[in-house]
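Structure below is input21.cif: mmCIF, C-alpha atoms.
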```cif
data_entry
loop_
_atom_site.label_atom_id
_atom_site.label_comp_id
_atom_site.auth_asym_id
_atom_site.auth_seq_id
_atom_site.Cartn_x
_atom_site.Cartn_y
_atom_site.Cartn_z
CA MET A 1 11.11 -28.93 22.15
CA ARG A 2 10.35 -25.25 22.55
CA ILE A 3 7.77 -23.42 24.64
CA GLY A 4 6.36 -20.11 23.45
CA ILE A 5 4.61 -17.84 25.96
CA ASP A 6 2.46 -14.86 24.98
CA LEU A 7 2.25 -12.64 28.08
CA GLY A 8 -0.74 -10.41 27.37
CA GLY A 9 -2.70 -7.89 29.36
CA THR A 10 -5.67 -10.23 29.86
CA LYS A 11 -4.29 -13.71 29.16
CA ILE A 12 -1.12 -15.77 29.28
CA GLU A 13 -0.99 -18.35 26.51
CA GLY A 14 1.62 -21.02 26.08
CA LEU A 15 2.28 -23.75 23.56
CA VAL A 16 4.87 -26.41 22.94
CA LEU A 17 6.36 -26.93 19.49
CA ASP A 18 8.14 -30.14 18.60
CA ASP A 19 11.47 -30.06 16.78
CA ASP A 20 9.63 -30.38 13.46
CA GLY A 21 7.46 -27.34 14.31
CA SER A 22 4.30 -29.28 15.13
CA GLU A 23 2.20 -28.31 18.15
CA ARG A 24 2.32 -30.70 21.08
CA ALA A 25 0.41 -28.85 23.82
CA ARG A 26 -1.33 -25.57 24.52
CA LEU A 27 -2.59 -23.77 27.64
CA ARG A 28 -4.27 -20.41 28.30
CA VAL A 29 -4.87 -18.77 31.69
CA PRO A 30 -5.99 -15.27 32.79
CA THR A 31 -3.21 -12.78 33.49
CA PRO A 32 -3.11 -11.90 37.20
CA ARG A 33 -3.73 -8.23 37.87
CA GLU A 34 -2.70 -7.97 41.51
CA SER A 35 1.09 -7.73 41.23
CA TYR A 36 4.25 -8.22 39.20
CA GLU A 37 5.20 -11.19 41.35
CA ALA A 38 1.85 -12.87 40.62
CA THR A 39 2.45 -12.43 36.89
CA VAL A 40 5.89 -14.05 37.11
CA ALA A 41 4.43 -16.92 39.14
CA ALA A 42 1.66 -17.42 36.57
CA VAL A 43 4.17 -17.65 33.71
CA VAL A 44 6.19 -20.18 35.68
CA SER A 45 3.05 -22.21 36.36
CA VAL A 46 2.13 -22.30 32.65
CA VAL A 47 5.64 -23.47 31.76
CA ARG A 48 5.60 -26.17 34.43
CA ASP A 49 2.16 -27.44 33.35
CA LEU A 50 3.20 -27.59 29.69
CA GLU A 51 6.43 -29.43 30.46
CA ARG A 52 4.52 -31.85 32.63
CA GLU A 53 2.07 -32.51 29.79
CA VAL A 54 4.77 -33.27 27.21
CA GLY A 55 7.12 -34.95 29.68
CA ALA A 56 10.19 -32.95 28.68
CA ARG A 57 12.26 -29.94 29.69
CA CYS A 58 11.87 -27.31 26.97
CA ARG A 59 13.60 -24.18 25.73
CA ILE A 60 11.51 -21.12 26.56
CA GLY A 61 10.69 -18.01 24.54
CA ILE A 62 8.43 -15.27 25.88
CA GLY A 63 6.70 -12.42 24.10
CA HIS A 64 5.79 -9.57 26.45
CA PRO A 65 4.52 -5.99 26.24
CA GLY A 66 7.14 -3.27 26.25
CA ALA A 67 10.86 -3.95 25.96
CA ILE A 68 13.92 -4.75 28.03
CA SER A 69 15.82 -1.47 28.16
CA PRO A 70 19.35 -1.77 26.75
CA ALA A 71 20.37 0.96 29.21
CA THR A 72 18.98 -0.45 32.47
CA GLY A 73 18.04 -4.09 31.85
CA LEU A 74 14.54 -3.34 33.17
CA VAL A 75 11.18 -3.54 31.38
CA LYS A 76 10.01 -0.23 29.94
CA ASN A 77 7.03 0.97 27.93
CA ALA A 78 4.72 -1.93 28.89
CA ASN A 79 1.03 -1.07 28.90
CA SER A 80 0.80 -3.77 31.59
CA THR A 81 2.45 -1.20 33.81
CA ARG A 82 3.16 -3.58 36.70
CA LEU A 83 5.96 -5.06 34.52
CA ASN A 84 7.77 -1.74 34.15
CA GLY A 85 10.93 -1.23 36.17
CA HIS A 86 11.53 -4.93 36.77
CA PRO A 87 14.25 -7.27 35.40
CA LEU A 88 11.70 -9.66 33.89
CA ASP A 89 14.26 -11.80 32.07
CA LEU A 90 16.40 -12.28 35.18
CA ASP A 91 13.42 -12.96 37.43
CA LEU A 92 12.01 -15.56 35.03
CA LYS A 93 15.38 -17.29 34.66
CA SER A 94 15.69 -17.45 38.44
CA ALA A 95 12.13 -18.66 39.02
CA LEU A 96 12.37 -21.27 36.27
CA GLY A 97 15.90 -22.37 37.16
CA ARG A 98 17.17 -21.82 33.61
CA ASP A 99 20.44 -20.41 32.33
CA GLU A 100 18.63 -18.80 29.39
CA VAL A 101 15.10 -17.64 28.72
CA ARG A 102 14.62 -15.63 25.52
CA LEU A 103 12.33 -12.61 25.64
CA SER A 104 11.11 -10.21 22.96
CA ASN A 105 8.40 -7.63 22.48
CA ASP A 106 5.02 -9.29 21.87
CA ALA A 107 4.34 -7.33 18.68
CA ASN A 108 7.73 -8.36 17.30
CA CYS A 109 6.83 -11.99 17.97
CA PHE A 110 3.52 -11.52 16.19
CA ALA A 111 5.15 -9.82 13.20
CA VAL A 112 7.84 -12.48 12.85
CA SER A 113 5.23 -15.24 12.92
CA GLU A 114 3.06 -13.64 10.24
CA ALA A 115 6.06 -12.70 8.09
CA ALA A 116 7.49 -16.22 8.23
CA ASP A 117 4.53 -18.32 7.11
CA GLY A 118 1.48 -16.18 7.79
CA ALA A 119 -0.36 -13.39 6.03
CA GLY A 120 2.88 -11.55 5.27
CA ALA A 121 4.83 -14.53 3.91
CA GLY A 122 6.96 -13.62 0.91
CA SER A 123 6.86 -9.88 1.61
CA SER A 124 10.03 -7.81 2.06
CA VAL A 125 8.62 -5.35 4.60
CA VAL A 126 5.88 -6.42 7.03
CA PHE A 127 4.34 -4.23 9.72
CA GLY A 128 2.56 -6.26 12.38
CA VAL A 129 -0.02 -4.40 14.47
CA ILE A 130 -1.46 -5.33 17.84
CA LEU A 131 -4.91 -3.80 18.43
CA GLY A 132 -6.01 -5.07 21.80
CA THR A 133 -5.62 -4.02 25.42
CA GLY A 134 -2.88 -1.79 24.06
CA VAL A 135 -1.63 -0.78 20.61
CA GLY A 136 1.75 -2.14 19.56
CA GLY A 137 3.67 -2.79 16.40
CA GLY A 138 6.56 -4.80 15.02
CA ILE A 139 8.61 -4.38 11.86
CA VAL A 140 10.07 -7.31 9.92
CA ILE A 141 12.46 -6.62 7.04
CA ASN A 142 13.51 -9.53 4.85
CA GLY A 143 12.48 -11.98 7.56
CA LYS A 144 14.28 -10.29 10.46
CA PRO A 145 12.69 -8.12 13.16
CA LEU A 146 13.90 -4.55 13.47
CA ILE A 147 14.74 -3.89 17.13
CA GLY A 148 16.41 -0.47 17.13
CA ALA A 149 18.92 1.32 19.34
CA HIS A 150 16.38 1.75 22.16
CA ALA A 151 14.45 -1.51 21.52
CA ILE A 152 11.38 0.52 20.52
CA ALA A 153 11.20 -0.01 16.75
CA GLY A 154 7.57 -0.26 15.65
CA GLU A 155 6.09 1.41 18.74
CA TRP A 156 3.70 3.54 16.71
CA GLY A 157 1.08 3.50 19.49
CA HIS A 158 2.87 6.24 21.42
CA ASN A 159 3.00 8.73 18.63
CA ALA A 160 0.21 11.29 18.57
CA LEU A 161 -2.85 10.57 16.45
CA PRO A 162 -2.05 12.21 13.09
CA LEU A 163 -4.09 15.08 11.65
CA PRO A 164 -6.24 15.56 14.77
CA ARG A 165 -9.65 17.22 14.39
CA ASP A 166 -10.57 20.14 16.60
CA ASP A 167 -12.62 17.88 18.87
CA GLU A 168 -9.68 15.45 19.19
CA ARG A 169 -7.36 17.93 20.90
CA PRO A 170 -5.65 17.43 23.32
CA GLY A 171 -6.95 13.87 23.26
CA PRO A 172 -7.46 11.31 26.01
CA GLY A 173 -4.78 10.73 28.60
CA CYS A 174 -2.46 7.78 28.11
CA TYR A 175 -0.71 5.69 30.76
CA CYS A 176 2.62 6.97 29.35
CA GLY A 177 1.77 10.43 30.72
CA ARG A 178 0.95 12.11 27.42
CA HIS A 179 -2.35 12.97 25.75
CA GLY A 180 -3.63 11.98 22.34
CA CYS A 181 -1.49 8.88 21.78
CA ILE A 182 -2.67 6.49 19.09
CA GLU A 183 -3.05 3.85 21.80
CA ALA A 184 -5.32 6.13 23.82
CA TRP A 185 -7.62 6.38 20.79
CA LEU A 186 -7.42 2.93 19.19
CA SER A 187 -7.02 0.31 21.91
CA GLY A 188 -9.98 -1.95 22.63
CA PRO A 189 -10.76 -0.29 25.99
CA ALA A 190 -10.48 3.15 24.39
CA PHE A 191 -12.91 2.27 21.60
CA GLN A 192 -15.31 0.78 24.13
CA LYS A 193 -15.14 3.90 26.32
CA GLN A 194 -15.69 6.25 23.38
CA PHE A 195 -18.79 4.32 22.31
CA ALA A 196 -20.14 4.19 25.86
CA LEU A 197 -19.84 7.98 26.18
CA ALA A 198 -21.64 8.52 22.87
CA SER A 199 -24.37 5.91 23.32
CA GLY A 200 -24.69 5.09 27.01
CA ARG A 201 -24.18 1.42 26.08
CA ASP A 202 -21.37 -0.78 27.33
CA LEU A 203 -20.27 -3.00 24.44
CA ARG A 204 -16.94 -4.61 23.70
CA ALA A 205 -15.22 -3.48 20.51
CA THR A 206 -16.28 -6.57 18.57
CA GLY A 207 -19.82 -6.09 19.91
CA ILE A 208 -19.88 -2.56 18.49
CA ALA A 209 -18.87 -3.95 15.10
CA GLU A 210 -21.57 -6.62 15.30
CA ALA A 211 -24.17 -3.96 16.11
CA ALA A 212 -22.95 -1.87 13.18
CA ALA A 213 -23.39 -4.86 10.86
CA THR A 214 -27.09 -4.95 11.82
CA GLY A 215 -27.53 -1.29 10.87
CA ASP A 216 -27.38 0.20 14.39
CA ALA A 217 -26.91 3.92 13.67
CA LEU A 218 -24.79 4.78 16.71
CA ALA A 219 -22.60 1.73 16.21
CA LEU A 220 -22.15 2.57 12.54
CA GLU A 221 -21.10 6.10 13.44
CA GLY A 222 -18.71 4.95 16.16
CA LEU A 223 -17.10 2.34 13.91
CA GLU A 224 -16.68 4.85 11.08
CA ILE A 225 -14.91 7.28 13.42
CA TYR A 226 -12.67 4.45 14.63
CA CYS A 227 -11.84 3.41 11.05
CA ASP A 228 -10.91 6.97 10.12
CA ARG A 229 -8.59 7.30 13.10
CA LEU A 230 -7.00 3.95 12.30
CA ALA A 231 -6.60 5.02 8.67
CA ARG A 232 -4.82 8.22 9.68
CA ALA A 233 -2.53 6.34 12.07
CA LEU A 234 -1.64 3.61 9.59
CA ALA A 235 -1.14 6.10 6.75
CA SER A 236 1.68 7.64 8.78
CA VAL A 237 3.26 4.17 8.98
CA VAL A 238 2.89 3.71 5.22
CA ASN A 239 4.44 7.12 4.60
CA LEU A 240 7.43 6.23 6.80
CA LEU A 241 8.04 2.51 6.15
CA ASP A 242 6.19 1.88 2.87
CA PRO A 243 5.47 -1.74 3.86
CA ASP A 244 4.24 -4.38 1.46
CA VAL A 245 1.65 -5.56 3.96
CA ILE A 246 0.19 -4.54 7.32
CA VAL A 247 -1.13 -7.47 9.37
CA LEU A 248 -3.58 -6.73 12.16
CA GLY A 249 -3.51 -8.77 15.36
CA GLY A 250 -5.13 -8.56 18.77
CA GLY A 251 -8.81 -8.70 19.60
CA LEU A 252 -9.84 -5.89 17.24
CA SER A 253 -8.31 -7.71 14.27
CA LYS A 254 -11.50 -9.79 14.33
CA ILE A 255 -13.57 -6.79 13.14
CA PRO A 256 -14.14 -7.56 9.44
CA GLN A 257 -15.14 -4.02 8.50
CA LEU A 258 -11.61 -2.75 9.14
CA TYR A 259 -10.13 -4.53 6.13
CA GLU A 260 -12.47 -2.90 3.64
CA ARG A 261 -13.06 0.53 5.13
CA VAL A 262 -9.58 1.51 6.38
CA PRO A 263 -7.79 1.06 3.00
CA GLU A 264 -10.52 3.14 1.39
CA LEU A 265 -10.08 5.91 3.95
CA TRP A 266 -6.28 5.93 4.03
CA LYS A 267 -6.23 6.94 0.36
CA ASP A 268 -6.80 10.49 1.61
CA TYR A 269 -3.76 10.35 3.90
CA VAL A 270 -1.05 8.27 2.18
CA PHE A 271 1.55 10.31 0.28
CA SER A 272 1.02 8.53 -3.04
CA GLU A 273 -1.37 8.37 -5.96
CA ARG A 274 -4.80 7.82 -4.51
CA ASP A 275 -5.71 4.89 -6.73
CA SER A 276 -2.37 3.06 -6.69
CA ILE A 277 -1.66 2.28 -3.04
CA ALA A 278 -0.08 -1.16 -3.04
CA THR A 279 0.15 -1.78 0.72
CA ARG A 280 -2.30 -4.47 1.78
CA LEU A 281 -4.20 -4.54 5.10
CA VAL A 282 -4.90 -8.13 6.09
CA PRO A 283 -6.01 -10.27 9.05
CA PRO A 284 -3.54 -12.69 10.62
CA ARG A 285 -3.31 -16.16 9.12
CA HIS A 286 -2.58 -17.67 12.51
CA GLY A 287 -5.11 -15.63 14.47
CA ASP A 288 -4.59 -15.57 18.22
CA SER A 289 -1.74 -18.06 17.87
CA SER A 290 0.68 -15.77 16.04
CA GLY A 291 2.21 -14.14 19.12
CA VAL A 292 2.77 -17.36 20.96
CA ARG A 293 4.18 -19.07 17.86
CA GLY A 294 6.56 -16.17 17.33
CA ALA A 295 7.73 -16.47 20.94
CA ALA A 296 8.53 -20.14 20.39
CA TRP A 297 10.47 -19.16 17.26
CA LEU A 298 12.86 -17.14 19.40
CA TRP A 299 14.54 -20.55 19.46
CA PRO A 300 15.07 -21.47 15.78
CA LEU A 301 14.51 -25.03 14.61
#
```
Spell out the structure here as structure tokens.
Amino acid sequence: MRIGIDLGGTKIEGLVLDDDGSERARLRVPTPRESYEATVAAVVSVVRDLEREVGARCRIGIGHPGAISPATGLVKNANSTRLNGHPLDLDLKSALGRDEVRLSNDANCFAVSEAADGAGAGSSVVFGVILGTGVGGGIVINGKPLIGAHAIAGEWGHNALPLPRDDERPGPGCYCGRHGCIEAWLSGPAFQKQFALASGRDLRATGIAEAAATGDALALEGLEIYCDRLARALASVVNLLDPDVIVLGGGLSKIPQLYERVPELWKDYVFSERDSIATRLVPPRHGDSSGVRGAAWLWPL
């Protein structure tokens, strides 16, 4: 049996897949915020609890933010910054007492899951997007994830927001040290902060969308601005990769307005005939389970 762990900014989710791919157990706990060591301990605890539930020692795959640097062996580029600079794979192997624990970027895990038997099944080029605590991406070509020489393939969130308006310069600061990153505009916390500044109301991103659906004028305006920024950002991906399908994941993928409005808006930004853009924007078939399923699939059947 295989365990998949999705190590997110707010939650750690684990599941056990049997050898035939069926789910045997699942567990979700909050991600500790106090330290790197607490995060490692929480992952170990989830693994132990799952193995206890199924009564077997399992192979372990973990999807995490950022990447293991090929140059240093340490985590880099994680928006959960307490992971950066640590040998996460080695520390987990030591804490779990395993010779091998397989790790991969969380967005890559998500993209592989959706490309295999999810919303991108049957497509040659799939771009999987994480819109949540951070903004990540994974590229799957003919069923295989693209990793890249620096293990950063698909990290669109740390490019600058394309075609910035005058009032979008220099843009909000990002944890990476730059200003105006796509992540600094389009993450869930960023959207929430932008709406709070404009309205004086503290709503989660999905709450803003729900208010917009009732006709709330400020929510409608905020959501339209968000959709336009997302359209510009994804149009740059279409212009570069020309994917068959873009699958949204993360908490903001639950906003239904994105799937209608963004493809209408990106017609102004994609380098193609306006009325013949074939790339589809779709929600995940496996919802919140895609990342954790993809982590388990780091060990093939």
> Near region 9-18 of chain A, within 9 Å and counting only C-alpha atoms, which residues show up once chain neighbours fewer than 3 positions away are dropped, as JSON, numbers by chain?
Replying inline: {"A": [1, 2, 3, 4, 5, 6, 21, 22, 23, 24, 25, 26, 27, 28, 29, 30, 31, 32, 33, 42, 43, 46, 47, 50, 51, 54, 58, 62, 65, 79, 80, 132, 133, 134, 289, 292, 293, 296]}
> Which residues, written as a count of residues only, have at least one atom at most 12 Å from Pro70 (chain A), with only C-alpha atoms counted and residues fewer than 4 positions away on the same chain left out?
Replying inline: 10
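You can rank A:Asp288, A:Asp202, A:Asp242, A:Glu168 by their closest distance to Phe271 (chain A) using only C-alpha atoms, and at the top of that list sits A:Asp242.
Of note, CA of Asp167 (chain A) and CA of Val135 (chain A) are spaced 21.7 Å apart.
Proximity of A:Val129, A:His64, A:Asp91, A:Trp297 to Val282 (chain A), computed with only C-alpha atoms, is greatest for A:Val129.
Distances from A:Leu218, A:Ala119, A:Leu234, A:Leu92 to Pro162 (chain A) were compared using only C-alpha atoms, and the smallest one belongs to A:Leu234.
For the pair CA of Ile141 (chain A) and CA of Ser113 (chain A), the interatomic distance is 12.7 Å.
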> Which residues fall under the PyMOL selection byres ((chain A and resi 179-181) around 12) in this file, as a PyMOL selection string?
Replying inline: chain A and resi 134-136+155-165+167-178+182-187+190+229+233
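Interatomic distance, CA of Leu241 (chain A) against CA of Val125 (chain A): 8.0 Å.
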Mind dumping a table of every region 161-202 of chain A residue within 9 Å of region 219-227 of chain A, with the nearest atom pair and its distance in Å to one decimal, using only C-alpha atoms, sorted by chain and rising number, as JSON lines?
```
{"residue": "A:Trp185", "atom": "CA", "partner": "A:Tyr226", "partner_atom": "CA", "distance": 8.2}
{"residue": "A:Leu186", "atom": "CA", "partner": "A:Tyr226", "partner_atom": "CA", "distance": 7.1}
{"residue": "A:Phe191", "atom": "CA", "partner": "A:Tyr226", "partner_atom": "CA", "distance": 7.3}
{"residue": "A:Gln194", "atom": "CA", "partner": "A:Gly222", "partner_atom": "CA", "distance": 7.9}
{"residue": "A:Phe195", "atom": "CA", "partner": "A:Gly222", "partner_atom": "CA", "distance": 6.2}
{"residue": "A:Ala198", "atom": "CA", "partner": "A:Gly222", "partner_atom": "CA", "distance": 8.1}
{"residue": "A:Ser199", "atom": "CA", "partner": "A:Ala219", "partner_atom": "CA", "distance": 8.4}
```
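Among the candidates A:Ala217, A:Ala196, A:Val247, A:Leu96, the one nearest to Gly138 (chain A) when counting all atoms listed in the file is A:Val247.
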